Amino acid sequence: MLNKKGGGKIIAMYWFVMLIIIAGGIFAMVYSFYHHPYDVRELEAEIMINHIADCLSNKGELNSELFNEEGFSQNFSENFLGNCHINLGVEEVWQKNFDVEEEAWGGEPQYYLQINFYNAINLENSVFEISKGNLNLVADWNIQEEKEYKRTAKGVEDGFFSFNGEDMYLIKILTIVKKTEKNVK
Amino acid sequence: MLNKKAQVSEIMTWVIATIIIISILLVFVYASSLLAQKTKIIKATDLKIDLGKEVDLLETKNLIAYDLASENEEEIIKNWEEENE
């Protein structure tokens with residue numbers, strides 16, 4: 001009789017332990033799924049391409065500010081971010097963390113953008129180039145030609161045609177976003 | 001002696017049941033973390049706009065350019081699009 005009572009207690013204890021284990025397992029499942037960040041870097045790069053394309057061309061015509069009397073305007077290139085209302089410093093990664101006297105995420109800029117203009121007659125050689133941001137990200141992105149790596153920068157390259165008067169140009173835009181700390185775990 | 005045997009077999013049942021439950025849980029935990037890695041990558045093509053078809057801004061710009069282009073230029077645009085498909 002006494003022995004039977006002891007057995008019942010052990011089984012009750014076992015069920016209690018099982019309950020904790022199963023609850024812990026469900027918690028671990030939910031945590032591992034929802035704790036994983038969304039990787040929106042490619043989406044961000046594509047949005048940036050669309051924004052740049054909209055800034056450079058409207059209704060099939062290239063932005064008139066892109067040109068001066070001599071051809072492509074160097075001034076537009078230099079003030080490109082301001083002209084197209086692009087703020088690459090919007091993330092805290094560009095800001096110094098003065099409290100610990102070191103730059104957040106190593107202070108490395110997390111974006112790169114490059115725009116190449118090709119005359120439709122010769123699509124091989126670029127006639128004008130605009131590039132802004134962290135050039136090192138290009139190498140980081142190029143590594144992935146054969147295999148995609150999780151912790152390297154993500155980039156998108158696309159292009160479109162547009163006119164300046166009678167001349168047709170191909171505009172190729174490359175945007176690269178790193179931000180692995182926010183998008184990959 | 002018989003009583004002890006019965007106890008051992010009863011304990012074995014629970015032990016095996018526990019191992020099965022824990023291993024199933026571990027498989028599910030691993031699967032959920034794998035699922036998070038695979039499905040939490042968002043691209044612009046994943047964002048379906050409720051227009052019945054995908055909207056590509058650069059494609060639209062190319063179509064406008066195609067409309068404005070001469071015959072030669074139309075050919076250039078066509079060839080470039082084919083190469084980049």
# chains A, B, ... in the order shown; residues from 1 in each chain; ligands from 1
>>> residues_around(residues="segment 143-150 of chain A", least_positions_apart="2", cutoff="12 Å", atoms="only C-alpha atoms", output="list in words")
Asp39, Arg41, Asn136, Leu137, Val138, Ala139, Asp140, Trp141, Thr152, Ala153, Lys154, Gly155, Lys178, Lys179, Thr180, Glu181, Asn183, Val184 and Lys185 of chain A; Gln37, Lys38 and Ile41 of chain B
>>> interface_residues(of="chain B", to="chain A", cutoff="6 Å", atoms="only C-alpha atoms", output="ChimeraX atom specification")
/B:25,29,32-33,36,40-44,58,62,64-65
>>> write_last_selection(atoms="C-alpha atoms", output="compact mmCIF listing (two decimals), in the first residue's frame")
# COMPACT_ATOMS: atom_id res chain seq x y z
CA LEU B 25 10.97 18.64 -29.29
CA VAL B 29 13.20 23.55 -32.25
CA SER B 32 11.70 26.38 -36.39
CA SER B 33 15.15 27.98 -36.34
CA ALA B 36 13.28 31.42 -39.53
CA LYS B 40 12.74 35.69 -43.03
CA ILE B 41 14.48 37.05 -46.13
CA ILE B 42 12.32 39.66 -47.81
CA LYS B 43 12.84 40.86 -51.38
CA ALA B 44 10.86 43.40 -53.35
CA LEU B 58 12.59 50.09 -63.90
CA ASN B 62 12.22 50.88 -70.01
CA ILE B 64 8.54 54.48 -71.65
CA ALA B 65 12.02 54.66 -73.24
>>> select_by_dssp(residues="chain A", states="helix (DSSP H, G or I)", output="compact mmCIF listing (two decimals) with N, CA and C atoms, in the first residue's frame")
# COMPACT_ATOMS: atom_id res chain seq x y z
N LEU A 2 1.84 1.25 0.93
CA LEU A 2 2.74 2.40 1.03
C LEU A 2 3.56 2.58 -0.24
N ASN A 3 4.03 1.43 -0.76
CA ASN A 3 4.83 1.43 -1.98
C ASN A 3 4.04 2.00 -3.16
N LYS A 4 2.73 1.62 -3.24
CA LYS A 4 1.87 2.10 -4.32
C LYS A 4 1.72 3.62 -4.28
N LYS A 5 1.58 4.13 -3.04
CA LYS A 5 1.43 5.59 -2.87
C LYS A 5 2.68 6.31 -3.38
N GLY A 6 3.86 5.72 -3.08
CA GLY A 6 5.14 6.30 -3.51
C GLY A 6 5.21 6.33 -5.01
N GLY A 7 4.79 5.24 -5.68
CA GLY A 7 4.79 5.15 -7.15
C GLY A 7 3.94 6.22 -7.77
N GLY A 8 2.77 6.46 -7.19
CA GLY A 8 1.87 7.51 -7.69
C GLY A 8 2.53 8.87 -7.63
N LYS A 9 3.26 9.13 -6.55
CA LYS A 9 3.95 10.43 -6.40
C LYS A 9 5.02 10.61 -7.47
N ILE A 10 5.75 9.50 -7.71
CA ILE A 10 6.82 9.58 -8.72
C ILE A 10 6.24 9.88 -10.10
N ILE A 11 5.12 9.20 -10.42
CA ILE A 11 4.48 9.44 -11.73
C ILE A 11 3.98 10.88 -11.84
N ALA A 12 3.38 11.38 -10.76
CA ALA A 12 2.90 12.77 -10.75
C ALA A 12 4.07 13.72 -10.97
N MET A 13 5.18 13.42 -10.31
CA MET A 13 6.40 14.22 -10.45
C MET A 13 6.89 14.16 -11.91
N TYR A 14 6.84 12.95 -12.48
CA TYR A 14 7.29 12.75 -13.86
C TYR A 14 6.45 13.60 -14.81
N TRP A 15 5.13 13.57 -14.62
CA TRP A 15 4.26 14.37 -15.49
C TRP A 15 4.56 15.86 -15.36
N PHE A 16 4.86 16.25 -14.14
CA PHE A 16 5.18 17.66 -13.91
C PHE A 16 6.46 18.06 -14.65
N VAL A 17 7.47 17.16 -14.55
CA VAL A 17 8.74 17.41 -15.25
C VAL A 17 8.50 17.44 -16.77
N MET A 18 7.69 16.50 -17.27
CA MET A 18 7.39 16.46 -18.70
C MET A 18 6.73 17.74 -19.17
N LEU A 19 5.79 18.19 -18.33
CA LEU A 19 5.07 19.43 -18.64
C LEU A 19 6.05 20.60 -18.80
N ILE A 20 7.01 20.68 -17.87
CA ILE A 20 8.02 21.75 -17.93
C ILE A 20 8.88 21.59 -19.20
N ILE A 21 9.28 20.34 -19.48
CA ILE A 21 10.12 20.11 -20.66
C ILE A 21 9.38 20.51 -21.95
N ILE A 22 8.10 20.10 -22.05
CA ILE A 22 7.33 20.43 -23.27
C ILE A 22 7.11 21.94 -23.38
N ALA A 23 6.76 22.56 -22.24
CA ALA A 23 6.56 24.03 -22.26
C ALA A 23 7.86 24.72 -22.65
N GLY A 24 8.98 24.22 -22.11
CA GLY A 24 10.29 24.79 -22.46
C GLY A 24 10.59 24.62 -23.94
N GLY A 25 10.23 23.45 -24.48
CA GLY A 25 10.45 23.18 -25.91
C GLY A 25 9.65 24.12 -26.78
N ILE A 26 8.37 24.32 -26.41
CA ILE A 26 7.51 25.24 -27.19
C ILE A 26 8.06 26.66 -27.10
N PHE A 27 8.51 27.05 -25.91
CA PHE A 27 9.10 28.38 -25.74
C PHE A 27 10.33 28.52 -26.64
N ALA A 28 11.18 27.47 -26.65
CA ALA A 28 12.40 27.51 -27.47
C ALA A 28 12.06 27.64 -28.96
N MET A 29 11.01 26.93 -29.40
CA MET A 29 10.60 27.02 -30.81
C MET A 29 10.16 28.45 -31.18
N VAL A 30 9.27 28.98 -30.35
CA VAL A 30 8.74 30.33 -30.62
C VAL A 30 9.87 31.36 -30.56
N TYR A 31 10.74 31.20 -29.56
CA TYR A 31 11.84 32.15 -29.38
C TYR A 31 12.79 32.11 -30.58
N SER A 32 13.15 30.87 -31.02
CA SER A 32 14.12 30.78 -32.11
C SER A 32 13.53 31.33 -33.41
N PHE A 33 12.21 31.24 -33.59
CA PHE A 33 11.61 31.77 -34.81
C PHE A 33 11.47 33.30 -34.75
N TYR A 34 10.90 33.79 -33.66
CA TYR A 34 10.62 35.23 -33.59
C TYR A 34 11.83 36.07 -33.20
N ARG A 41 17.72 43.44 -46.39
CA ARG A 41 18.77 44.19 -47.08
C ARG A 41 18.56 44.28 -48.59
N GLU A 42 18.13 43.15 -49.18
CA GLU A 42 17.90 43.19 -50.64
C GLU A 42 16.72 44.11 -50.98
N LEU A 43 15.72 44.06 -50.12
CA LEU A 43 14.56 44.93 -50.32
C LEU A 43 14.99 46.39 -50.21
N GLU A 44 15.84 46.67 -49.22
CA GLU A 44 16.33 48.03 -49.01
C GLU A 44 17.14 48.51 -50.23
N ALA A 45 17.97 47.58 -50.75
CA ALA A 45 18.78 47.92 -51.93
C ALA A 45 17.89 48.19 -53.14
N GLU A 46 16.82 47.40 -53.29
CA GLU A 46 15.91 47.59 -54.42
C GLU A 46 15.13 48.90 -54.28
N ILE A 47 14.74 49.23 -53.06
CA ILE A 47 14.03 50.51 -52.83
C ILE A 47 14.96 51.67 -53.18
N MET A 48 16.25 51.52 -52.80
CA MET A 48 17.22 52.58 -53.10
C MET A 48 17.38 52.74 -54.62
N ILE A 49 17.43 51.61 -55.35
CA ILE A 49 17.53 51.67 -56.82
C ILE A 49 16.33 52.41 -57.41
N ASN A 50 15.14 52.08 -56.93
CA ASN A 50 13.92 52.74 -57.44
C ASN A 50 13.95 54.24 -57.17
N HIS A 51 14.43 54.59 -55.97
CA HIS A 51 14.49 56.01 -55.59
C HIS A 51 15.48 56.76 -56.50
N ILE A 52 16.64 56.13 -56.72
CA ILE A 52 17.66 56.75 -57.57
C ILE A 52 17.14 56.89 -59.01
N ALA A 53 16.49 55.81 -59.51
CA ALA A 53 15.96 55.84 -60.88
C ALA A 53 14.94 56.96 -61.03
N ASP A 54 14.11 57.12 -60.02
CA ASP A 54 13.09 58.18 -60.07
C ASP A 54 13.73 59.56 -60.05
N CYS A 55 14.84 59.67 -59.34
CA CYS A 55 15.54 60.96 -59.27
C CYS A 55 16.23 61.29 -60.60
N LEU A 56 16.76 60.25 -61.27
CA LEU A 56 17.54 60.48 -62.48
C LEU A 56 16.69 60.65 -63.74
N SER A 64 17.42 67.12 -66.02
CA SER A 64 18.20 68.16 -66.72
C SER A 64 19.39 68.64 -65.88
N GLU A 65 19.30 68.50 -64.56
CA GLU A 65 20.40 68.93 -63.68
C GLU A 65 21.65 68.06 -63.86
N LEU A 66 21.45 66.90 -64.49
CA LEU A 66 22.58 65.99 -64.72
C LEU A 66 23.57 66.55 -65.74
N GLN A 74 29.64 67.51 -63.19
CA GLN A 74 30.40 67.00 -62.05
C GLN A 74 29.80 67.50 -60.74
N ASN A 75 29.21 68.69 -60.84
CA ASN A 75 28.59 69.30 -59.66
C ASN A 75 27.41 68.46 -59.16
N PHE A 76 26.63 67.93 -60.12
CA PHE A 76 25.50 67.07 -59.75
C PHE A 76 26.00 65.81 -59.04
N SER A 77 27.11 65.28 -59.59
CA SER A 77 27.69 64.07 -59.01
C SER A 77 28.16 64.32 -57.59
N GLU A 78 28.84 65.46 -57.40
CA GLU A 78 29.36 65.76 -56.06
C GLU A 78 28.24 65.94 -55.03
N PHE A 80 25.26 64.63 -55.25
CA PHE A 80 24.23 63.66 -55.63
C PHE A 80 23.27 63.31 -54.50
N LEU A 81 23.82 63.04 -53.31
CA LEU A 81 22.97 62.62 -52.19
C LEU A 81 21.96 63.71 -51.83
N GLY A 82 22.41 64.95 -51.84
CA GLY A 82 21.51 66.06 -51.54
C GLY A 82 20.50 66.26 -52.66
N ASN A 83 20.99 66.19 -53.91
CA ASN A 83 20.10 66.40 -55.06
C ASN A 83 18.99 65.36 -55.12
N GLU A 92 22.24 54.64 -37.05
CA GLU A 92 23.17 55.02 -35.99
C GLU A 92 24.59 54.54 -36.27
N VAL A 93 24.72 53.64 -37.27
CA VAL A 93 26.04 53.10 -37.57
C VAL A 93 27.03 54.17 -38.01
N TRP A 94 26.47 55.28 -38.47
CA TRP A 94 27.34 56.35 -38.94
C TRP A 94 27.71 57.31 -37.81
N ALA A 104 30.12 52.98 -33.33
CA ALA A 104 29.19 51.84 -33.36
C ALA A 104 29.45 51.01 -34.62
N TRP A 105 29.40 49.70 -34.52
CA TRP A 105 29.63 48.75 -35.61
C TRP A 105 30.95 49.03 -36.32
N GLY A 106 31.94 49.48 -35.55
CA GLY A 106 33.23 49.75 -36.12
C GLY A 106 33.24 51.02 -36.95
N GLY A 107 32.15 51.75 -36.94
CA GLY A 107 32.08 53.02 -37.66
C GLY A 107 32.14 52.86 -39.17
N ASN A 136 34.42 49.50 -50.01
CA ASN A 136 34.84 48.14 -49.59
C ASN A 136 33.72 47.12 -49.71
N LEU A 137 32.49 47.60 -49.69
CA LEU A 137 31.35 46.68 -49.75
C LEU A 137 31.25 45.97 -51.10
N VAL A 138 31.85 46.57 -52.14
CA VAL A 138 31.80 45.95 -53.47
C VAL A 138 32.50 44.59 -53.44
N ALA A 139 33.68 44.56 -52.82
CA ALA A 139 34.43 43.30 -52.72
C ALA A 139 33.64 42.28 -51.90
N ASP A 140 33.02 42.77 -50.84
CA ASP A 140 32.21 41.93 -49.96
C ASP A 140 31.05 41.30 -50.74
N TRP A 141 30.47 42.09 -51.64
CA TRP A 141 29.33 41.62 -52.44
C TRP A 141 29.79 40.68 -53.56
N ASN A 142 30.95 41.01 -54.17
CA ASN A 142 31.47 40.21 -55.29
C ASN A 142 31.82 38.78 -54.90
N ILE A 143 32.19 38.59 -53.64
CA ILE A 143 32.55 37.24 -53.16
C ILE A 143 31.42 36.26 -53.43
N GLN A 144 30.20 36.77 -53.44
CA GLN A 144 29.02 35.88 -53.50
C GLN A 144 28.62 35.46 -54.90
N GLU A 145 29.49 35.68 -55.89
CA GLU A 145 29.11 35.32 -57.26
C GLU A 145 28.77 33.84 -57.40
N THR A 180 24.69 43.76 -41.46
CA THR A 180 24.49 42.37 -41.03
C THR A 180 24.04 42.30 -39.57
N GLU A 181 24.52 43.22 -38.77
CA GLU A 181 24.19 43.19 -37.33
C GLU A 181 22.69 43.31 -37.10
N LYS A 182 22.00 44.01 -38.00
CA LYS A 182 20.56 44.20 -37.81
C LYS A 182 19.73 43.15 -38.54
N ASN A 183 20.30 42.54 -39.56
CA ASN A 183 19.49 41.67 -40.42
C ASN A 183 19.81 40.17 -40.33
>>> atom_distance(atom1="atom CA of Gln110 of chain A", atom2="atom CA of Val177 of chain A")
5.8 Å
>>> atom_distance(atom1="atom CA of Lys172 of chain A", atom2="atom CA of Phe117 of chain A")
6.5 Å
>>> atom_distance(atom1="atom CA of Ile173 of chain A", atom2="atom CA of Asn116 of chain A")
6.5 Å
>>> residues_around(residues="segment 77-83 of chain B", least_positions_apart="2", cutoff="8 Å", atoms="only C-alpha atoms", output="ChimeraX atom specification")
/A:161 /B:62,66,73-75,85
